[in-house]
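Colleague: I have a structure I would like to understand better, so I am pasting it below and will then ask my questions one at a time.
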Amino acid sequence: MSIEATVFCLLHTSTPLMRTSQLLIPTLRHPPGEADIISHRLMTRAGMIRKVAAGIYTYLPLGLRVLKKIECIIRQEMNRAGAQELLMPILAPADLWRETGRWDFYGKELLRCQDRHARDFCFGPTHEEVITDLFRREIRSYRQLPLNCYQIQTKFRDEIRPRFGLMRGREFIMKDAYSFDADEAGARRSYQKMYTAYERIFTRCGLTFRAVEADNGLIGGSMSHEFMVLSETGEETIVYDERSAYAANVEQAAVPPPSDEDHAALLPLETVHTPGAHTVQEVCASLRVAPARLVKTLLYQTPAQEIIAVLIRGDHEANTTKLNRFCGTEGITLAQKDVVSNLSLAPVGFIGPIGLTGIRIVADHAVKAMRNFVVGGNKTDTHLIHANWGRDFAVEAFLDLRQARAGDPSPKSDSRLQEAKGIEVGHVFLLGTKYSEAMQATFLDASGHERAAVMGCYGIGVSRTAAAAVEQNHDDKGMRWPVPIAPFHIHLLPVTASENVLTTAGMVYDALTGAGMEVLWDDRDERAGVKFNDADLIGAPFHLLIGDKGLAQGIVEFKRRDTGDVVNLPPNEVLPHVQSLLAAYDLPNV
RNA sequence: CGGGGCGUAGCGCAGACCGGUAGCGCACCGCGUUCGGGUCGCGGGGGUCGGAGGUUCAAAUCCUCUCGCCCCGACCA
C-alpha cells in the first residue's frame, strides 16, 4: 500500500462518516406496499433495511448501527456475567444433528444443503449440537466447569411463512449462549446469571419488557423463561398477576382447579335434537344455555396416530402444550376430518364422550366441577343434556388442559390474571442433560466418575430486538429510538444555508463529535421541511436545529424527539447540555 | 401445504373486461426560482410490462405453464 493510501485509510477509519450527504440513507416518502407492521414500514422508509427475499434483509448503515449497539450491550452484559464469546460456523454437518435425532425431528424449518461431495449439511437454526461437540472434545474435568460460551451470529430458520419484516425473518441475527455445569445446582446458578443478565440487557436497551414462565418446546429441558417486549403487535399472549409478580406465556400458565364444585342432584340423561348446531355457539343458541354449561369433546391425534379425546368446558380453549406434556408427545394436533370419519364417529360438532369406545378420555379440571352438562350425542344433529361424568362415562384423568385467560385466578396469589401481548426477544432454557447424554459430552467429577454436563441455553433475537424497540417507540412521524440503541445521539439540522449557520453547525459538530458523541449532520442541500421529516422518521433522540432566526438571538434549538420539547441554548452550551443528558445512560461504545 | 391477491420506471399506482404509439404522482438529472415542516416553473433521462410458450396481421391486455411477492389459515421458537 502506498503512503498516500495508508494515510487515507487511517484518516477515514478513524473518522466514521456522519454526514447525510455521504451516508447511504435512502429514505422513502412511501413505504413499499408489502410492509405491514410499523417497525417494518418505518425501518424501510428510514433507509435502515431493504428486503432481498422473503424473510431475508440487507441491513443498511443506519440499521446496522442499531444492531451493533444492541450487540455491544449484549456483549458487555454477557461478559459481565462470566460468559465468553466464540463464533461457530453457519453450516453444520448433518452427522452432528443425527446424533441428537434432530436431523429428522426438526423438519422443514431446518434448511439443508449438500457440498460437492454430496455430504449433508444444514444452516444452523441454533447450535446445541456444535457447541456440545466442542465441549466433549475439549472438556475433561469438573475443574474446567462451569463454562458459558456465546456467539452473536446469523441464524437461518426456514419459516413456513416469514412475515413482519425483521420480526419474523428466516435469516436473523441471534445471540446464543450455552452453559455447562457439573451438576443441577450449578446449572441453576448459570441459568440465574443469564436471567439477570437478560434483565440488564433489555433494561439498558430501553425496552418495557416482562420475563414470563414458558414452555421448553422442541428444544427440551425442564425450565424456561421468555423475555417479552410488551407490544400490541406481539405474536404471543402472556398472562400476569400484578400482586405476585407471576407472569407466564398462556401456553405455559397453570390454571388451578376450580374452587367451587356444582353439587346439584344428577338429572336423567336426555337426548335433544340440534340440527346443524356444530359449534359451541350454535348449540348454546339452540338449547338456550350458556357455553359454560357445555362440554366439548376434542379429538387429538399424536404423531404416532393415537387418538385421544379431550373434554373442555364450552367457554374454555384447549392448550396443546399441556396436552403434549401429559401425553409425553411433541406435535399433537387436532384430528383431521378424515381421521374422525374413519373412526365411524359422528361428524365434528356432535362428538361426545358417552359411548365413545376404544379411545382414551381425559378432561380439564373445570369439567370435574360440572354437573348436568351438555355434550355431543355421537350422532348427527344430536346432543345430550344432563350428562354427568362417572355416571354416564368414565374419565381417565382430570387435569389442567386449558389455556389460561384474563380473569382466571392466579396460581401464585388470590388475585386475578391479566392479559397482554408480547414480542419474544429472549428465551432462557435449563436444558439438563438431553444433549450432553445424546452426544456423550461428559467429564470426570471430583470422585473420578464420568458424568454428563448439565446444560442451559440462552437466546436473544438481536434483529428482532431492534424491531421490537420500534414497535414500542414510535409515533405517526417516525421512530423514537431509546438513547442507548439509537443509530445516532444527535441529528444536526441546519435549517438555513447562510455562512453563519454553516460555520456554527461545523463548530458544534466538531465539539460534540470531539467529545465522543454520535452526530448525524444533515448537510444536504434540502429544504428545512425535508430535513425535519427525515429526522423525525429516523428518530435520533435529540435534534439540534440551527438557523438564522435563532442565531440572531444567539441561540440554537435543542429538541427532544420523544416529547418535542425544545430548549434554546447558546451554541457553546450545547456540549455540556448533551453531556448531562447522556450521562444518565450506560451507553454502549460501538 | 390449503384459500385469496399482486407482479407495468427506484417507490406508490393507472392502463387489462373491450388486443392497435406504455402513462400519472413522487424520486432522479439540467437551468432558473425558493429557502424554518416534503417550494414553484421550464426542460430531460429511465420500462425486454416478472419469465417462457401459445393465439393473432398485431399481446402489458386473451390462453397455458412457470417464477417471485403479499395476506388469511394450518405449523412453529
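Ordered as shown in the C-alpha cells, chains take letters A, B, and onward, while each chain numbers its residues from 1 and ligands are numbered from 1 in the order shown.
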Residues of chain A were defined as contacting chain B if any atom lay at most 8 Å from it, counting only C-alpha atoms (C1' of nucleotides); please report them as a tab-separated table (two decimals) with N, CA, C and O atoms, in the first residue's frame.
Modeller:
chain	number	residue	atom	x	y	z
A	28	LEU	N	-37.58	6.95	2.24
A	28	LEU	CA	-38.70	6.87	1.30
A	28	LEU	C	-39.89	7.64	1.85
A	28	LEU	O	-40.18	7.58	3.04
A	29	ARG	N	-40.55	8.34	0.97
A	29	ARG	CA	-41.76	9.02	1.42
A	29	ARG	C	-42.89	8.01	1.61
A	29	ARG	O	-43.69	8.11	2.51
A	30	HIS	N	-42.93	7.02	0.73
A	30	HIS	CA	-43.95	5.98	0.84
A	30	HIS	C	-43.28	4.64	1.07
A	30	HIS	O	-42.32	4.33	0.38
A	31	PRO	N	-43.78	3.85	2.00
A	31	PRO	CA	-43.21	2.52	2.19
A	31	PRO	C	-43.69	1.59	1.08
A	31	PRO	O	-44.75	1.81	0.50
A	32	PRO	N	-42.92	0.56	0.75
A	32	PRO	CA	-43.40	-0.44	-0.19
A	32	PRO	C	-44.70	-1.06	0.34
A	32	PRO	O	-44.87	-1.17	1.54
A	33	GLY	N	-45.58	-1.42	-0.56
A	33	GLY	CA	-46.87	-1.92	-0.14
A	33	GLY	C	-46.83	-3.15	0.73
A	33	GLY	O	-47.73	-3.38	1.53
A	34	GLU	N	-45.78	-3.95	0.59
A	34	GLU	CA	-45.73	-5.21	1.31
A	34	GLU	C	-45.44	-5.03	2.80
A	34	GLU	O	-45.73	-5.91	3.59
A	54	ALA	N	-37.93	-13.14	0.58
A	54	ALA	CA	-38.88	-13.30	1.68
A	54	ALA	C	-38.15	-13.64	2.98
A	54	ALA	O	-37.44	-14.63	3.05
A	159	GLU	N	-38.73	-20.60	7.99
A	159	GLU	CA	-40.10	-20.44	8.46
A	159	GLU	C	-41.09	-20.72	7.35
A	159	GLU	O	-40.86	-20.36	6.19
A	160	ILE	N	-42.20	-21.34	7.73
A	160	ILE	CA	-43.27	-21.61	6.76
A	160	ILE	C	-43.71	-20.30	6.12
A	160	ILE	O	-43.85	-20.19	4.92
A	217	GLY	N	-40.77	-26.55	24.86
A	217	GLY	CA	-41.00	-26.88	23.46
A	217	GLY	C	-40.01	-27.89	22.92
A	217	GLY	O	-39.50	-28.75	23.64
A	495	VAL	N	-31.07	24.65	9.29
A	495	VAL	CA	-32.34	24.86	8.59
A	495	VAL	C	-32.25	25.96	7.55
A	495	VAL	O	-33.15	26.13	6.75
A	496	THR	N	-31.18	26.72	7.60
A	496	THR	CA	-30.93	27.67	6.52
A	496	THR	C	-29.48	27.49	6.10
A	496	THR	O	-28.72	26.81	6.79
A	497	ALA	N	-29.14	28.08	4.98
A	497	ALA	CA	-27.83	27.78	4.40
A	497	ALA	C	-26.85	28.93	4.48
A	497	ALA	O	-25.90	29.00	3.72
A	527	ARG	N	-34.52	21.45	1.60
A	527	ARG	CA	-35.33	22.40	2.35
A	527	ARG	C	-35.48	21.92	3.79
A	527	ARG	O	-35.39	20.73	4.08
A	528	ALA	N	-35.77	22.86	4.67
A	528	ALA	CA	-35.89	22.52	6.09
A	528	ALA	C	-36.95	21.44	6.31
A	528	ALA	O	-36.76	20.52	7.09
A	529	GLY	N	-38.06	21.56	5.61
A	529	GLY	CA	-39.14	20.60	5.80
A	529	GLY	C	-38.71	19.18	5.51
A	529	GLY	O	-39.07	18.24	6.23
A	530	VAL	N	-37.93	19.02	4.45
A	530	VAL	CA	-37.45	17.69	4.10
A	530	VAL	C	-36.56	17.15	5.21
A	530	VAL	O	-36.68	15.99	5.62
A	532	PHE	N	-36.52	18.04	8.37
A	532	PHE	CA	-37.31	17.76	9.58
A	532	PHE	C	-38.04	16.42	9.46
A	532	PHE	O	-38.06	15.63	10.40
A	533	ASN	N	-38.62	16.20	8.32
A	533	ASN	CA	-39.38	14.95	8.15
A	533	ASN	C	-38.48	13.73	8.21
A	533	ASN	O	-38.82	12.73	8.83
A	547	GLY	N	-30.46	27.81	12.84
A	547	GLY	CA	-30.98	28.66	11.77
A	547	GLY	C	-30.65	30.11	12.03
A	547	GLY	O	-30.21	30.48	13.12
Colleague: Can you tell me, as a VMD selection string, which residues in range 169-253 of chain A count as helix (DSSP H, G or I) by DSSP?
Modeller: chain A and resid 184 to 204 217 to 219
Colleague: Those residues with C-alpha atoms, as a tab-separated table (two decimals), in the first residue's frame please?
Modeller:
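Output (part-v2.tsv):
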chain	number	residue	atom	x	y	z
A	184	GLU	CA	-28.07	-29.35	38.53
A	185	ALA	CA	-27.42	-26.79	41.25
A	186	GLY	CA	-24.61	-25.27	39.22
A	187	ALA	CA	-26.79	-25.22	36.14
A	188	ARG	CA	-29.44	-23.34	38.07
A	189	ARG	CA	-26.85	-20.77	39.12
A	190	SER	CA	-25.77	-20.35	35.49
A	191	TYR	CA	-29.41	-20.00	34.49
A	192	GLN	CA	-30.00	-17.36	37.13
A	193	LYS	CA	-26.94	-15.41	35.96
A	194	MET	CA	-28.27	-15.36	32.45
A	195	TYR	CA	-31.72	-14.36	33.67
A	196	THR	CA	-30.19	-11.42	35.48
A	197	ALA	CA	-28.00	-10.52	32.50
A	198	TYR	CA	-31.08	-10.53	30.26
A	199	GLU	CA	-32.91	-8.18	32.59
A	200	ARG	CA	-29.95	-5.81	32.43
A	201	ILE	CA	-29.68	-6.10	28.65
A	202	PHE	CA	-33.29	-5.28	27.88
A	203	THR	CA	-33.39	-2.57	30.53
A	204	ARG	CA	-30.32	-0.95	29.01
A	217	GLY	CA	-41.00	-26.88	23.46
A	218	LEU	CA	-38.90	-28.72	20.91
A	219	ILE	CA	-35.63	-27.72	22.47
Colleague: For Gly314 in chain A, list every protein, DNA or RNA residue within 12 Å, evaluated using only C-alpha atoms (C1' of nucleotides), and leave out those in the same chain fewer than 3 positions away; present the list as number ranges by chain.
Modeller: A: 279-284, 289-298, 310-311, 317-318, 349, 364, 366-367, 370, 373-376, 402
Colleague: Could you tell me how far CA of Ala540 in chain A sits from CA of Ile485 in chain A, in Å to one decimal place?
Modeller: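 About the pair CA of Ile485 in chain A and CA of Ala540 in chain A: they are 9.6 Å apart.
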Colleague: Could you work out how far CA of Gly206 in chain A lies from CA of Asp586 in chain A, giving the answer in Å with one decimal?
Modeller: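 For CA of Asp586 in chain A relative to CA of Gly206 in chain A, the distance reads 10.6 Å.
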